There are 2 protein chains.
Amino acid sequence: MTTTSPHGRTELLRPDGSPVRVLVVDDELSITELLSMALRYEGWQIRSAGDGQGAVQTARDFRPDAVVLDMMLPDMDGLAVLGRLRRELPDVPVLFLTAKDAVEDRIAGLTAGGDDYVTKPFSLEEVVARLRGLIRRSGAADRRSDSTLVVGDLTLDEDSHEVTRAGDNIHLTATEFELLRFLMRNPRRVLSKAQILDRVWSYDFGGQANVVELYISYLRRKIDAGREPMIHTRRGAGYLIKPAVS
Amino acid sequence: MTTTSPHGRTELLRPDGSPVRVLVVDDELSITELLSMALRYEGWQIRSAGDGQGAVQTARDFRPDAVVLDMMLPDMDGLAVLGRLRRELPDVPVLFLTAKDAVEDRIAGLTAGGDDYVTKPFSLEEVVARLRGLIRRSGAADRRSDSTLVVGDLTLDEDSHEVTRAGDNIHLTATEFELLRFLMRNPRRVLSKAQILDRVWSYDFGGQANVVELYISYLRRKIDAGREPMIHTRRGAGYLIKPAVS
DNA sequence: TGCGTTTCTCAGGGAATTCACAGGTTGCCG
DNA sequence: CGGCAACCTGTGAATTCCCTGAGAAACGCA
């Protein structure tokens, strides 16, 4: 089932109408807090743990619909935690957090069962999107909730990463895609450059704020070129996307 | 839930009908007093603190629906305060106050959970508007309270920053938008130039008082041009806006 | 390793916005 | 009706904000 959250976006709900529950496991407090904050904002119920012990315990009585699990925990190996989690919750999907240079094939094996992973440093849009996908596919939330965002004649499929405008296929890079997704998940709402930076870029991004301008420019070239523009600048406030009709 | 306050404007209320509670944290007394006064005028219940210690303590028993938090406090780092606040009140939205030149610096991640920020020096209208947005979206206030102001055939949407008169779209600059918002939040009420200056311009504005006249003139050109005027001058007293019919 | 792609910095240009100034207009009062 | 104060608005300059080209660096894949 999907419904409209207080902030105006559609959110996932479980079949019984209660909010989705997510367990976040990471030993860095700043990471769990960042994630908790962002995921709560999605309307989900969040519990966090700082080590494997706590994770298993919390999982036992919280019974989350999904788990975000750092593979590097102080007390036990990520695989060990995973094993114990699976004993408690055989079907729960897991989103792994790994260091960039982690052994890729080890992860690959893990995600074979429908799980997924993102590398640190991640962007919040990415984590949220992956989690939504996992939850949707696990059946914890209503399956009819589909994976396509639509604004006017612009569509974006979160599963296939396909983007079309008026039927034409449009190729976007990863960053362009995430930016567009964020805009389309908040149609007709002005988003400041800071908000965009916080959601779409990694949490450790330390660069110039004008990357946002730059990527907006790229998006316009691909999406608005020669058509009625959908991406609008609100000088001094930010950007927003809306159907072209106007 | 929204209702009509003693001074004639609609205000946010919590679902149980009690006033919204806001905690203001800043070490400059002049700032907390300025904010407290302005926010009380909104019909909200205000408590203030001058350092991180006090903020956390006050938060504990005051249980605010929103927090205004200066990032530069004498005793602890703004982020540290945030962390402790979050432990007390996991879901409370925070409006950060930051220095202008710190914008690029460490805003990183702050708006990620739906929080927001304004830079010093700010205008009171801006702070109030952002707070209203945060509270509205956090669900602490009734969800039906929407983001659109309406006076006669004039509408102003605070989310999309869209303004229409009789259905026609009207483009406003940032300052024009804030001025109009202030007028529309106080329909049929005479607002003096001093009041307008105090609310719409930053507290450190040192310019000529006739900017108000100038911007009223701009607004008239865009909103009243060729129509029944809605913005009226009360010579010697100020300006007011009201539906055109009356 | 090498090559195409993607991300990002930097900087110039351009346009929108803000504001001061000043002369014109309106309304009010004696 | 004259004079004054309050208000309106055209002009233009300074500033801020935004856009985008060019190229360097990092990445990804064969």
# chains A, B, ... in the order shown; residues from 1 in each chain; ligands from 1
>>> residues_around(residues="DG13 (chain C)", least_positions_apart="3", cutoff="12 Å", atoms="only C-alpha atoms (C1' of nucleotides)", output="list in words")
DC18, DC19, DT20 and DG21 of chain D
>>> write_last_selection(atoms="C-alpha atoms (C1' of nucleotides)", output="PDB file, in the first residue's frame")
ATOM      1  C1'  DC D  18      23.050  31.552 -11.752  1.00  0.00           C
ATOM      2  C1'  DC D  19      24.599  29.324 -16.062  1.00  0.00           C
ATOM      3  C1'  DT D  20      27.859  27.004 -18.769  1.00  0.00           C
ATOM      4  C1'  DG D  21      32.319  26.060 -21.372  1.00  0.00           C
TER       5       DG D  21
END
>>> closest_atom_pairs(of="chain C", to="chain B", cutoff="12 Å", atoms="only C-alpha atoms (C1' of nucleotides)", output="JSON lines")
{"residue": "C:DA16", "atom": "C1'", "partner": "B:Thr173", "partner_atom": "CA", "distance": 8.8}
{"residue": "C:DT17", "atom": "C1'", "partner": "B:Thr173", "partner_atom": "CA", "distance": 7.3}
{"residue": "C:DT18", "atom": "C1'", "partner": "B:Thr175", "partner_atom": "CA", "distance": 8.7}
{"residue": "C:DC19", "atom": "C1'", "partner": "B:Val211", "partner_atom": "CA", "distance": 7.2}
{"residue": "C:DA20", "atom": "C1'", "partner": "B:Gln208", "partner_atom": "CA", "distance": 7.8}
{"residue": "C:DC21", "atom": "C1'", "partner": "B:Gln208", "partner_atom": "CA", "distance": 10.4}
{"residue": "C:DT26", "atom": "C1'", "partner": "B:Arg235", "partner_atom": "CA", "distance": 10.3}
{"residue": "C:DG27", "atom": "C1'", "partner": "B:Arg235", "partner_atom": "CA", "distance": 8.4}
{"residue": "C:DC28", "atom": "C1'", "partner": "B:Arg235", "partner_atom": "CA", "distance": 9.8}
>>> write_last_selection(atoms="N, CA and C atoms (P, O5', C5', C4', C3', O3' and C1' of nucleotides)", output="PDB file, in the first residue's frame")
ATOM      1  P    DA C  16      16.789  38.211 -16.933  1.00  0.00           P
ATOM      2  O5'  DA C  16      16.438  38.108 -15.379  1.00  0.00           O
ATOM      3  C5'  DA C  16      16.834  36.938 -14.669  1.00  0.00           C
ATOM      4  C4'  DA C  16      17.036  37.286 -13.216  1.00  0.00           C
ATOM      5  C3'  DA C  16      15.925  38.141 -12.623  1.00  0.00           C
ATOM      6  O3'  DA C  16      15.548  37.536 -11.410  1.00  0.00           O
ATOM      7  C1'  DA C  16      18.041  39.160 -12.246  1.00  0.00           C
ATOM      8  P    DT C  17      14.370  38.073 -10.547  1.00  0.00           P
ATOM      9  O5'  DT C  17      15.138  38.959  -9.474  1.00  0.00           O
ATOM     10  C5'  DT C  17      16.149  38.349  -8.684  1.00  0.00           C
ATOM     11  C4'  DT C  17      16.796  39.382  -7.806  1.00  0.00           C
ATOM     12  C3'  DT C  17      15.823  40.300  -7.061  1.00  0.00           C
ATOM     13  O3'  DT C  17      16.055  40.113  -5.688  1.00  0.00           O
ATOM     14  C1'  DT C  17      17.626  41.526  -8.011  1.00  0.00           C
ATOM     15  P    DT C  18      15.077  40.742  -4.606  1.00  0.00           P
ATOM     16  O5'  DT C  18      16.005  41.884  -3.981  1.00  0.00           O
ATOM     17  C5'  DT C  18      17.331  41.575  -3.632  1.00  0.00           C
ATOM     18  C4'  DT C  18      18.095  42.854  -3.426  1.00  0.00           C
ATOM     19  C3'  DT C  18      17.372  43.904  -2.588  1.00  0.00           C
ATOM     20  O3'  DT C  18      18.224  44.265  -1.511  1.00  0.00           O
ATOM     21  C1'  DT C  18      18.250  44.878  -4.565  1.00  0.00           C
ATOM     22  P    DC C  19      17.660  45.021  -0.226  1.00  0.00           P
ATOM     23  O5'  DC C  19      17.981  46.530  -0.581  1.00  0.00           O
ATOM     24  C5'  DC C  19      19.343  46.884  -0.790  1.00  0.00           C
ATOM     25  C4'  DC C  19      19.425  48.214  -1.500  1.00  0.00           C
ATOM     26  C3'  DC C  19      18.607  49.338  -0.868  1.00  0.00           C
ATOM     27  O3'  DC C  19      19.523  50.206  -0.207  1.00  0.00           O
ATOM     28  C1'  DC C  19      18.563  49.381  -3.276  1.00  0.00           C
ATOM     29  P    DA C  20      19.082  51.414   0.663  1.00  0.00           P
ATOM     30  O5'  DA C  20      19.638  52.639  -0.197  1.00  0.00           O
ATOM     31  C5'  DA C  20      20.962  52.583  -0.694  1.00  0.00           C
ATOM     32  C4'  DA C  20      21.198  53.736  -1.652  1.00  0.00           C
ATOM     33  C3'  DA C  20      20.692  55.091  -1.165  1.00  0.00           C
ATOM     34  O3'  DA C  20      21.660  56.075  -1.496  1.00  0.00           O
ATOM     35  C1'  DA C  20      19.641  54.547  -3.221  1.00  0.00           C
ATOM     36  P    DC C  21      21.579  57.522  -0.872  1.00  0.00           P
ATOM     37  O5'  DC C  21      21.047  58.404  -2.091  1.00  0.00           O
ATOM     38  C5'  DC C  21      21.525  58.139  -3.396  1.00  0.00           C
ATOM     39  C4'  DC C  21      20.614  58.790  -4.413  1.00  0.00           C
ATOM     40  C3'  DC C  21      19.958  60.102  -3.961  1.00  0.00           C
ATOM     41  O3'  DC C  21      20.342  61.121  -4.857  1.00  0.00           O
ATOM     42  C1'  DC C  21      18.394  58.677  -5.017  1.00  0.00           C
ATOM     43  P    DT C  26      -1.676  62.502  -9.002  1.00  0.00           P
ATOM     44  O5'  DT C  26      -2.020  62.308  -7.461  1.00  0.00           O
ATOM     45  C5'  DT C  26      -1.659  61.088  -6.821  1.00  0.00           C
ATOM     46  C4'  DT C  26      -1.863  61.238  -5.326  1.00  0.00           C
ATOM     47  C3'  DT C  26      -3.199  61.870  -4.943  1.00  0.00           C
ATOM     48  O3'  DT C  26      -3.858  60.979  -4.068  1.00  0.00           O
ATOM     49  C1'  DT C  26      -1.405  62.887  -3.775  1.00  0.00           C
ATOM     50  P    DG C  27      -5.388  61.192  -3.749  1.00  0.00           P
ATOM     51  O5'  DG C  27      -5.292  61.714  -2.250  1.00  0.00           O
ATOM     52  C5'  DG C  27      -4.659  60.885  -1.287  1.00  0.00           C
ATOM     53  C4'  DG C  27      -4.380  61.689  -0.036  1.00  0.00           C
ATOM     54  C3'  DG C  27      -5.612  62.375   0.557  1.00  0.00           C
ATOM     55  O3'  DG C  27      -5.577  62.131   1.946  1.00  0.00           O
ATOM     56  C1'  DG C  27      -3.858  63.942   0.262  1.00  0.00           C
ATOM     57  P    DC C  28      -6.867  62.397   2.809  1.00  0.00           P
ATOM     58  O5'  DC C  28      -6.286  63.395   3.902  1.00  0.00           O
ATOM     59  C5'  DC C  28      -4.973  63.171   4.415  1.00  0.00           C
ATOM     60  C4'  DC C  28      -4.493  64.418   5.089  1.00  0.00           C
ATOM     61  C3'  DC C  28      -5.585  65.198   5.816  1.00  0.00           C
ATOM     62  O3'  DC C  28      -5.147  65.467   7.130  1.00  0.00           O
ATOM     63  C1'  DC C  28      -4.383  66.638   4.363  1.00  0.00           C
TER      64       DC C  28
END
>>> calpha_fit_rmsd(fixed="chain B", moving="chain A")
0.8 Å
>>> closest_atom_pairs(of="chain B", to="chain A", cutoff="6 Å", atoms="only C-alpha atoms", output="tab-separated table")
residue	atom	partner	partner_atom	distance
B:Ala108	CA	A:Asp198	CA	6.0
B:Gly109	CA	A:Asp198	CA	4.9
B:Thr111	CA	A:Gln195	CA	5.6
B:Ala112	CA	A:Asp198	CA	5.4
B:Gly113	CA	A:Ala38	CA	4.2
B:Arg137	CA	A:His7	CA	4.6
B:Gly139	CA	A:Pro6	CA	5.8
B:Asp159	CA	A:Arg189	CA	5.1
B:Ser160	CA	A:Arg189	CA	4.5
>>> write_last_selection(atoms="N, CA and C atoms", output="tab-separated table (two decimals), in the first residue's frame")
chain	number	residue	atom	x	y	z
B	108	ALA	N	26.62	20.26	5.80
B	108	ALA	CA	26.52	18.91	5.25
B	108	ALA	C	25.66	17.99	6.10
B	109	GLY	N	24.66	17.46	5.52
B	109	GLY	CA	23.83	16.48	6.20
B	109	GLY	C	22.75	17.07	7.08
B	111	THR	N	20.25	19.14	6.51
B	111	THR	CA	18.89	19.19	6.03
B	111	THR	C	18.39	17.81	5.61
B	112	ALA	N	19.26	16.81	5.81
B	112	ALA	CA	18.97	15.49	5.28
B	112	ALA	C	17.71	14.86	5.87
B	113	GLY	N	17.48	15.06	7.14
B	113	GLY	CA	16.34	14.41	7.78
B	113	GLY	C	15.09	15.26	7.73
B	137	ARG	N	5.28	19.62	8.19
B	137	ARG	CA	5.73	18.37	7.59
B	137	ARG	C	6.05	17.30	8.62
B	139	GLY	N	4.30	16.55	11.05
B	139	GLY	CA	3.09	15.91	11.50
B	139	GLY	C	2.70	16.26	12.92
B	159	ASP	N	5.18	26.03	-0.63
B	159	ASP	CA	6.05	24.94	-1.05
B	159	ASP	C	6.64	25.19	-2.44
B	160	SER	N	5.78	25.55	-3.37
B	160	SER	CA	6.25	25.73	-4.74
B	160	SER	C	6.64	27.18	-5.01
>>> select_by_dssp(residues="region 13-177 of chain A", states="strand (DSSP E or B)", output="number ranges by chain")
A: 13, 19, 21-25, 45-49, 66-70, 72, 77, 94-99, 116-120, 148-151, 154-157, 163-165, 168-170
>>> write_last_selection(atoms="N, CA and C atoms", output="CSV table (one decimal), in the first residue's frame")
chain,number,residue,atom,x,y,z
A,13,LEU,N,3.8,1.4,3.0
A,13,LEU,CA,3.2,1.0,4.3
A,13,LEU,C,3.1,-0.6,4.2
A,19,PRO,N,3.5,1.5,9.8
A,19,PRO,CA,4.7,1.9,9.1
A,19,PRO,C,5.7,0.8,9.0
A,21,ARG,N,9.2,-1.0,9.2
A,21,ARG,CA,10.2,-1.0,10.3
A,21,ARG,C,11.6,-1.3,9.8
A,22,VAL,N,12.6,-0.5,10.1
A,22,VAL,CA,13.9,-0.7,9.6
A,22,VAL,C,14.9,-0.7,10.8
A,23,LEU,N,15.8,-1.7,10.8
A,23,LEU,CA,16.9,-1.7,11.8
A,23,LEU,C,18.2,-1.3,11.1
A,24,VAL,N,18.9,-0.3,11.8
A,24,VAL,CA,20.1,0.2,11.2
A,24,VAL,C,21.3,-0.2,12.1
A,25,VAL,N,22.3,-0.9,11.6
A,25,VAL,CA,23.4,-1.4,12.4
A,25,VAL,C,24.7,-0.8,11.9
A,45,GLN,N,9.7,3.5,10.7
A,45,GLN,CA,10.0,3.3,12.1
A,45,GLN,C,11.4,2.8,12.2
A,46,ILE,N,12.3,3.5,12.9
A,46,ILE,CA,13.7,3.1,12.9
A,46,ILE,C,14.2,2.7,14.3
A,47,ARG,N,15.0,1.6,14.4
A,47,ARG,CA,15.7,1.3,15.6
A,47,ARG,C,17.2,1.1,15.1
A,48,SER,N,18.1,1.4,16.0
A,48,SER,CA,19.5,1.3,15.6
A,48,SER,C,20.3,0.5,16.6
A,49,ALA,N,21.4,-0.1,16.2
A,49,ALA,CA,22.3,-0.8,17.0
A,49,ALA,C,23.7,-0.5,16.6
A,66,ALA,N,13.3,-4.7,7.2
A,66,ALA,CA,14.5,-4.6,6.5
A,66,ALA,C,15.6,-4.2,7.5
A,67,VAL,N,16.9,-4.6,7.1
A,67,VAL,CA,18.0,-4.2,8.0
A,67,VAL,C,19.1,-3.6,7.1
A,68,VAL,N,19.6,-2.5,7.7
A,68,VAL,CA,20.8,-1.9,7.1
A,68,VAL,C,22.0,-2.3,7.9
A,69,LEU,N,23.0,-3.0,7.3
A,69,LEU,CA,24.0,-3.7,8.1
A,69,LEU,C,25.4,-3.3,7.6
A,70,ASP,N,26.1,-2.6,8.5
A,70,ASP,CA,27.5,-2.4,8.2
A,70,ASP,C,28.3,-3.7,8.2
A,72,MET,N,31.5,-3.9,8.7
A,72,MET,CA,32.6,-3.8,9.6
A,72,MET,C,32.1,-3.4,11.0
A,77,ASP,N,32.3,-10.4,12.9
A,77,ASP,CA,32.3,-10.3,11.5
A,77,ASP,C,30.9,-10.1,10.9
A,94,VAL,N,18.4,-7.5,3.5
A,94,VAL,CA,19.4,-6.8,4.2
A,94,VAL,C,20.1,-5.9,3.2
A,95,LEU,N,20.4,-4.7,3.6
A,95,LEU,CA,21.2,-3.7,2.8
A,95,LEU,C,22.5,-3.6,3.4
A,96,PHE,N,23.6,-4.1,2.8
A,96,PHE,CA,24.9,-4.0,3.3
A,96,PHE,C,25.6,-2.7,3.1
A,97,LEU,N,26.3,-2.2,4.1
A,97,LEU,CA,27.2,-1.1,3.9
A,97,LEU,C,28.6,-1.6,3.9
A,98,THR,N,29.3,-1.3,2.9
A,98,THR,CA,30.7,-1.8,2.8
A,98,THR,C,31.6,-0.6,2.4
A,99,ALA,N,32.9,-0.8,2.8
A,99,ALA,CA,33.9,0.1,2.3
A,99,ALA,C,34.1,-0.1,0.8
A,116,ASP,N,21.0,-6.5,-1.0
A,116,ASP,CA,21.6,-5.5,-1.9
A,116,ASP,C,22.7,-4.8,-1.0
A,117,TYR,N,23.5,-4.0,-1.7
A,117,TYR,CA,24.6,-3.3,-0.9
A,117,TYR,C,24.9,-1.9,-1.5
A,118,VAL,N,25.4,-1.0,-0.6
A,118,VAL,CA,25.9,0.2,-1.1
A,118,VAL,C,27.3,0.4,-0.5
A,119,THR,N,28.1,1.2,-1.1
A,119,THR,CA,29.5,1.4,-0.6
A,119,THR,C,29.5,2.7,0.1
A,120,LYS,N,30.3,2.8,1.1
A,120,LYS,CA,30.6,4.0,1.8
A,120,LYS,C,31.6,4.8,1.1
A,148,THR,N,7.8,3.3,-10.6
A,148,THR,CA,7.9,4.3,-11.6
A,148,THR,C,7.4,5.6,-11.0
A,149,LEU,N,8.3,6.6,-11.2
A,149,LEU,CA,7.9,8.0,-10.8
A,149,LEU,C,7.4,8.7,-12.1
A,150,VAL,N,6.3,9.4,-12.0
A,150,VAL,CA,5.8,10.1,-13.2
A,150,VAL,C,5.6,11.6,-12.8
A,151,VAL,N,6.1,12.4,-13.6
A,151,VAL,CA,5.7,13.9,-13.5
A,151,VAL,C,5.5,14.4,-14.9
A,154,LEU,N,7.2,13.0,-18.1
A,154,LEU,CA,8.5,12.5,-17.8
A,154,LEU,C,8.3,11.3,-16.8
A,155,THR,N,9.0,10.2,-17.1
A,155,THR,CA,8.9,9.0,-16.3
A,155,THR,C,10.3,8.5,-15.9
A,156,LEU,N,10.4,8.0,-14.7
A,156,LEU,CA,11.7,7.5,-14.2
A,156,LEU,C,11.4,6.1,-13.5
A,157,ASP,N,12.0,5.1,-13.9
A,157,ASP,CA,11.8,3.8,-13.3
A,157,ASP,C,12.9,3.5,-12.4
A,163,VAL,N,14.6,6.2,-18.0
A,163,VAL,CA,14.0,7.6,-18.0
A,163,VAL,C,13.5,7.9,-19.4
A,164,THR,N,12.3,8.4,-19.4
A,164,THR,CA,11.7,8.8,-20.7
A,164,THR,C,11.0,10.1,-20.6
A,165,ARG,N,11.1,10.9,-21.7
A,165,ARG,CA,10.3,12.1,-21.7
A,165,ARG,C,9.5,12.1,-23.0
A,168,ASP,N,10.4,9.4,-25.4
A,168,ASP,CA,11.8,9.2,-25.8
A,168,ASP,C,12.7,8.7,-24.7
A,169,ASN,N,13.5,7.8,-25.0
A,169,ASN,CA,14.5,7.3,-24.0
A,169,ASN,C,15.6,8.3,-23.7
A,170,ILE,N,15.9,8.5,-22.5
A,170,ILE,CA,17.0,9.5,-22.1
A,170,ILE,C,18.0,8.8,-21.3
>>> closest_atom_pairs(of="chain D", to="chain B", cutoff="12 Å", atoms="only C-alpha atoms (C1' of nucleotides)", output="JSON lines")
{"residue": "D:DA5", "atom": "C1'", "partner": "B:Gly236", "partner_atom": "CA", "distance": 9.5}
{"residue": "D:DA6", "atom": "C1'", "partner": "B:Gly236", "partner_atom": "CA", "distance": 7.0}
{"residue": "D:DC7", "atom": "C1'", "partner": "B:Glu213", "partner_atom": "CA", "distance": 7.5}
{"residue": "D:DC8", "atom": "C1'", "partner": "B:Ser217", "partner_atom": "CA", "distance": 7.3}
{"residue": "D:DT9", "atom": "C1'", "partner": "B:Ser217", "partner_atom": "CA", "distance": 7.4}
{"residue": "D:DG10", "atom": "C1'", "partner": "B:Leu214", "partner_atom": "CA", "distance": 11.2}
{"residue": "D:DC17", "atom": "C1'", "partner": "B:Ala174", "partner_atom": "CA", "distance": 11.8}
>>> closest_residue(among="A:Met76, A:Ala244, A:Leu12, A:Leu219", to="Glu178 (chain A)", atoms="only C-alpha atoms")
A:Leu219
>>> select_by_dssp(residues="region 192-229 of chain B", states="helix (DSSP H, G or I)", output="PyMOL selection string")
chain B and resi 193-200+211-224
>>> residues_around(residues="Gly133 (chain A)", least_positions_apart="5", cutoff="9 Å", atoms="only C-alpha atoms (C1' of nucleotides)", output="PyMOL selection string")
chain A and resi 128+138+147+158-159
>>> atom_distance(atom1="C1' of DG12 (chain D)", atom2="CA of Tyr215 (chain B)")
16.9 Å
>>> atom_distance(atom1="CA of Glu88 (chain B)", atom2="CA of Val56 (chain B)")
7.7 Å
